[in-house]
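Participant: The structure follows.
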Amino acid sequence: MIYKIVHKTNYGYPYPVSVGNHVACLTPRSMPHQGCERHELRIKPHPATRTERVDYFGNQLTLFTIQEPHEKLVVEARSFVTIQENGKPWPGWSPPWEQVSAFLPNDRSAAGLEAYQFVFESPRIRASEQFAAYARQSFTPGRPFAEALLDLTARIHRDFHFDSKATNVRTPTEEVFRKRRGVCQDFAHLQIACLRSLSLAARYVSGYLRTYPPPGSPRLVGADASHAWVSAYCPDSGWLDVDPTNNVSPSEGHVTLAWGRDYGDVSPLRGMILGGREHTLKVGVDIKPLEGLPGKSRGVAR
């Protein structure tokens, strides 16, 4: 599967911004089942400085500074991404979850050391007994890790309702748990909190989700969505992705952008401005499947 992805962000300010320093995390990752073939970041006004770097988690960042007064900022990311349709198969067997939890602190392999850092709390996700108690309804004694992970994913999907007005980007996970409402970011944070409360490694994954119009309706440009899901570590299987918002294991309809401890590590666009006061924000995402990459023969290019 080949996708053309356009992610456009518009900021409007009632008063001029004199200086803006920004960090964009908008370059899709390349992995065994996913390749970022082309990427372009268009910024208006034109930045005075612009640099690229890779962060601690391996995500590609673009740092830029705008030094002219402006009342509008437009950042448009254009990417061409290939996804292998078979992806990574879900494991048919996994060890009991208690064995996974006990193994992680003693695993000195490179993969184990990388995973172990995701056992601990992060700025937006705190472990607690209430999250552990909720998780234990799925992680019962001796249950295989992968089976318990899928069950927890299904329970969050069933017990919590999608409501874009119930929370905002800074709503604590404890409040989401109490309200039983939120959006994909909230459900990902909640599942990670549950897993970390059992001393299991889990990371936050940001990306895109291809959506489909109702039968007989035209596809609307910009109607697709930024998305978030969870990746949990099992020593025998590696990282296993689950999407609690939709109760699925991500497949070719999910495009991975970045990952980190929580949303704060992978926010698509963040920074500091001087002036402007309040701002308005409009974001549009369009994911279009293609027959082939522009300028190339038909087929997946690697």
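Labels for the structure tokens follow display order: chains A, B, ..., residues from 1 in each chain, ligands from 1.
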Skipping near chain neighbours, those fewer than 4 positions away, what residues fall within 7 Å of Lys288 (chain A) using only C-alpha atoms, listed as an mmCIF file with C-alpha atoms, in the first residue's frame?

Facilitator:
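Result file follows (selection-v7.cif):
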data_model
loop_
_atom_site.group_PDB
_atom_site.id
_atom_site.type_symbol
_atom_site.label_atom_id
_atom_site.label_comp_id
_atom_site.auth_asym_id
_atom_site.auth_seq_id
_atom_site.Cartn_x
_atom_site.Cartn_y
_atom_site.Cartn_z
ATOM 1 C CA TYR A 3 -0.102 6.606 0.694
ATOM 2 C CA LYS A 4 0.264 10.285 -0.041
ATOM 3 C CA ILE A 5 -0.233 12.088 3.272
#

Participant: Do you know which residues are at most 8 Å from Pro268 (chain A) counting only C-alpha atoms, after dropping those on the same chain fewer than 5 positions away, and could you put them as a list in words?

Facilitator: Ala24, Cys25 and Leu26 of chain A

Participant: So which one's closest to Leu113 (chain A), A:Leu209, A:Val183, A:Leu290, A:Ala201? Using only C-alpha atoms, please.

Facilitator: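 With only C-alpha atoms as the atom set, the closest residue is A:Ala201.
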
Participant: Which polymer residues have any atom within 12 Å of an atom of Thr171 (chain A), counting only C-alpha atoms, with same-chain residues fewer than 5 positions away left out, as a list in words?

Facilitator: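 Once the nearby chain positions are removed, what remains is Arg124, Ile125, Ser164, Lys165, Ala166, Val176, Phe177, Arg178, Lys179, Arg181, Gly182, Val183, Gln185, Asp186, Phe187, His189, Leu190 and Tyr263 of chain A.
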
Participant: What lies within 7 Å of region 232-237 of chain A using only C-alpha atoms, ignoring chain neighbours under 4 positions off, as a PyMOL selection string?

Facilitator: chain A and resi 91+94+100+115+201-203+241

Participant: Between A:Thr211, A:Ser249, A:Gln67, A:Thr27, which is the closest to Arg53 (chain A) once you count only C-alpha atoms?

Facilitator: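 Looking at the shortest contact to Arg53 (chain A), the residue is A:Thr27.
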
Participant: Compile the contact shell of Arg210 (chain A) as a CSV table (one decimal) with C-alpha atoms, in the first residue's frame: residues with an atom at most 8 Å away, counting only C-alpha atoms, same-chain residues fewer than 6 positions apart removed.

Facilitator:
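See out_25.csv below for the written result:
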chain,number,residue,atom,x,y,z
A,224,ASP,CA,-8.7,11.8,7.7
A,225,ALA,CA,-7.2,11.9,11.2
A,253,GLY,CA,-4.5,1.6,7.5
A,254,HIS,CA,-2.2,2.9,10.3
A,287,ILE,CA,-4.4,10.2,3.4

Participant: Excluding same-chain residues fewer than 6 positions from Val283 (chain A), what lies within 7 Å of it counting only C-alpha atoms, as a list in words?

Facilitator: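 In the requested format, the answer is Lys8, Thr9 and Asn10 of chain A.
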
Participant: Skip Gly35 (chain A) itself and residues of its chain fewer than 2 positions away, then list as a list in words all residues within 6 Å of it, counting only C-alpha atoms.

Facilitator: Ser30, Glu37, Val81 and Thr82 of chain A

Participant: Could you please write out, as a ChimeraX atom specification, every residue of region 21-225 of chain A that DSSP assigns to helix (DSSP H, G or I)?

Facilitator: /A:97-106,110-119,129-136,145-159,173-179,184-196

Participant: Find, counting only C-alpha atoms, the residue in A:Pro144, A:Pro89, A:Gly260, A:Gly20 that gets nearest to His33 (chain A).

Facilitator: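 Result for the nearest residue to His33 (chain A): A:Pro89.
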
Participant: Which is closest to Asp243 (chain A) among A:Leu293, A:Leu149, A:Ile273, A:Ile83, if we use only C-alpha atoms?

Facilitator: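 Smallest distance to Asp243 (chain A) is found for A:Leu149.
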
Participant: I'd like to know which of A:Glu147, A:Gly271, A:Leu152, A:Asp163 is closest to Val19 (chain A), using only C-alpha atoms.

Facilitator: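 The answer is A:Gly271, which sits nearest to Val19 (chain A).
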
Participant: Mind pulling up the distance from CA of Thr245 (chain A) to CA of Trp229 (chain A)?

Facilitator: 7.7 Å

Participant: Could you give me, as a ChimeraX atom specification, each residue of region 69-269 of chain A that DSSP assigns to strand (DSSP E) when run on this structure's backbone?

Facilitator: /A:70-83,161-162,181-182,202-209,225-234,238-242,254-260,269

Participant: I need the chosen residues saved as a CSV table (one decimal), in the first residue's frame, with N, CA and C atoms.

Facilitator:
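Printed below is again-v1.csv as written:
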chain,number,residue,atom,x,y,z
A,70,HIS,N,4.3,38.2,12.0
A,70,HIS,CA,3.3,37.5,11.3
A,70,HIS,C,2.1,37.2,12.1
A,71,GLU,N,1.0,37.2,11.4
A,71,GLU,CA,-0.3,36.9,12.1
A,71,GLU,C,-0.9,35.5,11.7
A,72,LYS,N,-0.1,34.8,10.9
A,72,LYS,CA,-0.5,33.5,10.5
A,72,LYS,C,0.7,32.6,10.3
A,73,LEU,N,0.6,31.4,10.7
A,73,LEU,CA,1.6,30.4,10.5
A,73,LEU,C,1.0,29.1,9.9
A,74,VAL,N,1.6,28.7,8.8
A,74,VAL,CA,1.1,27.5,8.0
A,74,VAL,C,2.2,26.5,7.9
A,75,VAL,N,2.0,25.3,8.4
A,75,VAL,CA,3.0,24.3,8.3
A,75,VAL,C,2.3,23.1,7.6
A,76,GLU,N,2.8,22.7,6.4
A,76,GLU,CA,2.2,21.7,5.6
A,76,GLU,C,3.3,20.6,5.4
A,77,ALA,N,3.0,19.4,5.9
A,77,ALA,CA,3.9,18.2,5.7
A,77,ALA,C,3.3,17.3,4.6
A,78,ARG,N,4.1,17.0,3.6
A,78,ARG,CA,3.7,16.1,2.5
A,78,ARG,C,4.6,14.9,2.5
A,79,SER,N,4.1,13.7,2.6
A,79,SER,CA,4.8,12.5,2.7
A,79,SER,C,4.3,11.4,1.8
A,80,PHE,N,5.2,10.6,1.3
A,80,PHE,CA,4.8,9.4,0.6
A,80,PHE,C,5.3,8.2,1.4
A,81,VAL,N,4.4,7.4,1.8
A,81,VAL,CA,4.8,6.3,2.7
A,81,VAL,C,4.3,4.9,2.1
A,82,THR,N,5.1,3.9,2.1
A,82,THR,CA,4.7,2.6,1.7
A,82,THR,C,4.5,1.7,2.9
A,83,ILE,N,3.5,0.9,2.9
A,83,ILE,CA,3.2,0.0,4.0
A,83,ILE,C,3.0,-1.4,3.4
A,161,HIS,N,-15.9,5.9,26.1
A,161,HIS,CA,-16.6,6.5,25.0
A,161,HIS,C,-15.8,7.6,24.3
A,162,PHE,N,-15.8,7.6,23.0
A,162,PHE,CA,-15.1,8.6,22.2
A,162,PHE,C,-15.9,9.9,22.3
A,181,ARG,N,-14.5,9.0,29.3
A,181,ARG,CA,-14.7,9.6,28.0
A,181,ARG,C,-13.3,10.2,27.6
A,182,GLY,N,-13.2,10.4,26.3
A,182,GLY,CA,-11.9,11.0,25.8
A,182,GLY,C,-11.7,10.8,24.3
A,202,ALA,N,5.5,0.0,27.9
A,202,ALA,CA,4.6,0.5,26.9
A,202,ALA,C,5.0,1.9,26.4
A,203,ARG,N,4.9,2.1,25.2
A,203,ARG,CA,5.2,3.4,24.6
A,203,ARG,C,4.0,4.0,23.8
A,204,TYR,N,4.0,5.3,23.7
A,204,TYR,CA,3.0,6.1,23.0
A,204,TYR,C,3.4,6.2,21.5
A,205,VAL,N,2.5,5.9,20.6
A,205,VAL,CA,2.8,5.9,19.2
A,205,VAL,C,1.8,7.0,18.6
A,206,SER,N,2.4,7.9,17.8
A,206,SER,CA,1.6,8.9,17.1
A,206,SER,C,1.6,8.5,15.6
A,207,GLY,N,0.6,8.9,14.9
A,207,GLY,CA,0.5,8.6,13.5
A,207,GLY,C,-0.7,9.0,12.8
A,208,TYR,N,-1.1,8.3,11.8
A,208,TYR,CA,-2.3,8.6,11.0
A,208,TYR,C,-3.2,7.4,10.8
A,209,LEU,N,-4.4,7.6,10.7
A,209,LEU,CA,-5.4,6.5,10.5
A,209,LEU,C,-6.2,6.8,9.3
A,225,ALA,N,-7.5,11.5,9.8
A,225,ALA,CA,-7.2,11.9,11.2
A,225,ALA,C,-5.8,11.6,11.6
A,226,SER,N,-5.3,12.5,12.5
A,226,SER,CA,-4.1,12.2,13.3
A,226,SER,C,-4.6,11.2,14.3
A,227,HIS,N,-3.7,10.3,14.7
A,227,HIS,CA,-4.1,9.2,15.6
A,227,HIS,C,-3.1,8.9,16.6
A,228,ALA,N,-3.4,8.1,17.6
A,228,ALA,CA,-2.5,7.6,18.6
A,228,ALA,C,-2.9,6.2,19.0
A,229,TRP,N,-1.9,5.4,19.3
A,229,TRP,CA,-2.1,4.1,19.8
A,229,TRP,C,-1.0,3.6,20.7
A,230,VAL,N,-0.9,2.4,21.1
A,230,VAL,CA,0.0,1.9,22.1
A,230,VAL,C,0.9,0.8,21.5
A,231,SER,N,2.1,0.7,22.0
A,231,SER,CA,3.0,-0.4,21.6
A,231,SER,C,3.6,-1.0,22.9
A,232,ALA,N,3.4,-2.3,23.1
A,232,ALA,CA,3.8,-2.9,24.4
A,232,ALA,C,4.9,-3.9,24.1
A,233,TYR,N,5.8,-4.1,25.0
A,233,TYR,CA,7.0,-5.0,24.7
A,233,TYR,C,6.9,-6.3,25.3
A,234,CYS,N,7.1,-7.4,24.5
A,234,CYS,CA,7.2,-8.8,24.9
A,234,CYS,C,8.5,-9.3,24.4
A,238,GLY,N,8.9,-8.9,20.6
A,238,GLY,CA,9.2,-7.5,20.3
A,238,GLY,C,8.0,-6.6,20.7
A,239,TRP,N,7.9,-5.5,20.0
A,239,TRP,CA,6.9,-4.5,20.2
A,239,TRP,C,5.6,-5.0,19.5
A,240,LEU,N,4.5,-5.0,20.3
A,240,LEU,CA,3.2,-5.4,19.8
A,240,LEU,C,2.3,-4.1,19.9
A,241,ASP,N,1.7,-3.7,18.7
A,241,ASP,CA,0.9,-2.5,18.6
A,241,ASP,C,-0.6,-2.9,18.8
A,242,VAL,N,-1.3,-2.0,19.6
A,242,VAL,CA,-2.7,-2.2,19.7
A,242,VAL,C,-3.4,-0.8,19.7
A,254,HIS,N,-2.9,2.1,9.3
A,254,HIS,CA,-2.2,2.9,10.3
A,254,HIS,C,-0.8,3.3,9.8
A,255,VAL,N,-0.5,4.5,9.9
A,255,VAL,CA,0.9,5.0,9.5
A,255,VAL,C,1.6,5.6,10.7
A,256,THR,N,2.7,5.0,11.0
A,256,THR,CA,3.4,5.4,12.2
A,256,THR,C,4.3,6.7,11.9
A,257,LEU,N,4.1,7.7,12.8
A,257,LEU,CA,4.8,9.0,12.6
A,257,LEU,C,6.0,9.0,13.6
A,258,ALA,N,5.7,8.8,14.9
A,258,ALA,CA,6.8,8.9,15.9
A,258,ALA,C,6.3,8.1,17.1
A,259,TRP,N,7.3,7.9,18.1
A,259,TRP,CA,6.9,7.3,19.3
A,259,TRP,C,7.8,7.9,20.5
A,260,GLY,N,7.2,7.8,21.7
A,260,GLY,CA,7.9,8.3,22.8
A,260,GLY,C,7.2,7.8,24.1
A,269,LEU,N,3.6,19.6,16.5
A,269,LEU,CA,4.2,20.9,16.4
A,269,LEU,C,4.1,21.6,17.7

Participant: Hey, which of A:Val248, A:Tyr212, A:Arg38, A:Phe139 ends up closest to Pro289 (chain A)? Count only C-alpha atoms.

Facilitator: A:Tyr212
